[in-house]
Amino acid sequence: MGTVFAIILVFVGCCSNVVTLELLVREFPGCGNLVTFAQFLFIALEGFIFETNFGRKKAVIPIRNYMIMVTMFFTVSVVNNYALNFNIAMPLHMIFRSGSLIANMILGVIILKKRYSTGKYLSIALVSAGIFICTIMSAKQVLHERLAFAPALLSGIAMLTFALLMSARMGIFQETLYKQYGKHPKEALFYNHCLPLPGFLLLSTDIYNYSPVLVPVVGLTVPIMWIYLLINVITQYVCIRGVFILTTECTSLTVTLVVTLRKFLSLIFSIIYFQNPFTAWHWLGTFVVFVGTLLYTEVLSSIQAALWGTRTKKAE
């Protein structure tokens with residue numbers, strides 16, 4: 001039940017979060033660090049009140065281990081959002097983040113000495129390929145228009161590549177940590193967002209206000225950016241809470257698969273909602289992702305076994 005609940009939180013929270021993030025990035029370029037800070041502050045305050053009981057509850061997992069995790073988590077969050085300032089389009093942004101499946105599997109083999117079945121390798125390759133097809137076709141036009149900004153674009157790509165590998169390493173570190181100290185998703189959620197807050201002092205120059213706009217429904221003059229930001233923060237909380245619960249229930253590779261599928265749905269929704277073209281290549285990518293997911297979850301094998309069992313009973 002915990003796994004299903006966590007998956008629901010991930011898909012509902014993260015998909016809606018991407019929509020508000022795209023609205024923010026489109027209308028307020030350069031607000032990436034402000035968005036990250038607001039998300040961290042909100043989740044840290046919620047955890048301080050409800051998880052640590054205003055600091056009176058001690059951490060089960062040693063703080064030194066959280067410091068390692070926090071360093072990676074803070075770096076990934078800031079670098080991913082900051083890369084949007086380097087002429088990185090949202091679809092292109094998803095290309096690299098969708099590559100987390102392969103990065104997680106590679107690091108799992110190297111660090112944890114894991115071995116996967118041929119079907120698992122094939123499914124991960126299909127899911128990643130499907131998402132790559134969809135995102136590259138969405139980014140093709142934007143990328144063509146931004147070739148004049150090649151140096152900045154290359155810097156952004158380098159940042160996303162670094163964040164991708166760091167994120168995969170963090171997932172493996174979390175998995176080993178939970179095996180040693182037990183499952184504490186709410187505690188991990190709090191410390192991962194509270195401890196990095198002083199780091200935002202280094203980014204204070206990027207955290208700024210925007211001009212106020214009239215909101216007709218309310219009838220008050222408030223910055224529309226803060227309305228988007230509020231929705232983004234709440235949906236990010238729902239999203240990240242689901243992810244942290246999922247990390248205690250599943251392996252890092254399974255968590256990565258769920259998050260990657262969520263990114264895929266976010267991309268499809270973004271294409272429809274923002275009226276981006278949906279070509280035959282997008283449909284091909286959708287089909288490949290669907291097949292890869294079925295292979296990973298072994299649904300096809302279960303259906304085949306069920307059908308074979310039914311035929312055997314009829315034959316008897």
# chains A, B, ... in the order shown; residues from 1 in each chain; ligands from 1
>>> closest_atom_pairs(of="range 158-202 of chain A", to="range 63-80 of chain A", cutoff="9 Å", atoms="only C-alpha atoms", output="JSON lines")
{"residue": "A:Met159", "atom": "CA", "partner": "A:Val79", "partner_atom": "CA", "distance": 6.2}
{"residue": "A:Leu160", "atom": "CA", "partner": "A:Asn80", "partner_atom": "CA", "distance": 6.1}
{"residue": "A:Phe162", "atom": "CA", "partner": "A:Val76", "partner_atom": "CA", "distance": 8.2}
{"residue": "A:Ala163", "atom": "CA", "partner": "A:Val76", "partner_atom": "CA", "distance": 4.9}
{"residue": "A:Leu164", "atom": "CA", "partner": "A:Val76", "partner_atom": "CA", "distance": 7.7}
{"residue": "A:Met166", "atom": "CA", "partner": "A:Met72", "partner_atom": "CA", "distance": 6.4}
{"residue": "A:Ser167", "atom": "CA", "partner": "A:Val76", "partner_atom": "CA", "distance": 6.2}
{"residue": "A:Arg169", "atom": "CA", "partner": "A:Met72", "partner_atom": "CA", "distance": 8.3}
{"residue": "A:Met170", "atom": "CA", "partner": "A:Met72", "partner_atom": "CA", "distance": 6.2}
{"residue": "A:Phe173", "atom": "CA", "partner": "A:Met69", "partner_atom": "CA", "distance": 7.4}
{"residue": "A:Gln174", "atom": "CA", "partner": "A:Met69", "partner_atom": "CA", "distance": 7.5}
{"residue": "A:Leu177", "atom": "CA", "partner": "A:Asn65", "partner_atom": "CA", "distance": 8.1}
{"residue": "A:Ala188", "atom": "CA", "partner": "A:Tyr66", "partner_atom": "CA", "distance": 7.6}
{"residue": "A:Tyr191", "atom": "CA", "partner": "A:Tyr66", "partner_atom": "CA", "distance": 6.8}
{"residue": "A:Asn192", "atom": "CA", "partner": "A:Val70", "partner_atom": "CA", "distance": 5.0}
{"residue": "A:His193", "atom": "CA", "partner": "A:Val70", "partner_atom": "CA", "distance": 7.6}
{"residue": "A:Cys194", "atom": "CA", "partner": "A:Val70", "partner_atom": "CA", "distance": 8.9}
{"residue": "A:Leu195", "atom": "CA", "partner": "A:Val70", "partner_atom": "CA", "distance": 6.9}
{"residue": "A:Pro196", "atom": "CA", "partner": "A:Phe74", "partner_atom": "CA", "distance": 6.2}
{"residue": "A:Leu197", "atom": "CA", "partner": "A:Phe74", "partner_atom": "CA", "distance": 9.0}
{"residue": "A:Gly199", "atom": "CA", "partner": "A:Phe74", "partner_atom": "CA", "distance": 8.4}
>>> select_by_dssp(residues="range 148-258 of chain A", states="helix (DSSP H, G or I)", output="NGL selection string")
:A and (148-181 or 185-194 or 197-206 or 224-249 or 252-258)
>>> select_by_dssp(residues="range 44-257 of chain A", states="strand (DSSP E)", output="PyMOL selection string")
chain A and resi 213-215+220-222
>>> residues_around(residues="Ile234 in chain A", least_positions_apart="2", cutoff="12 Å", atoms="only C-alpha atoms", output="PyMOL selection string")
chain A and resi 9+12-14+16-18+20-21+35+38-43+46+227-232+236-241
>>> atom_distance(atom1="CA of Val10 in chain A", atom2="CA of Gly99 in chain A")
18.1 Å
>>> closest_residue(among="A:Thr118, A:Thr256, A:Asn85, A:Thr176", to="Gly156 in chain A", atoms="only C-alpha atoms")
A:Asn85
>>> closest_residue(among="A:Ile124, A:Ala168, A:Leu84, A:Val289", to="Gly108 in chain A", atoms="only C-alpha atoms")
A:Ala168
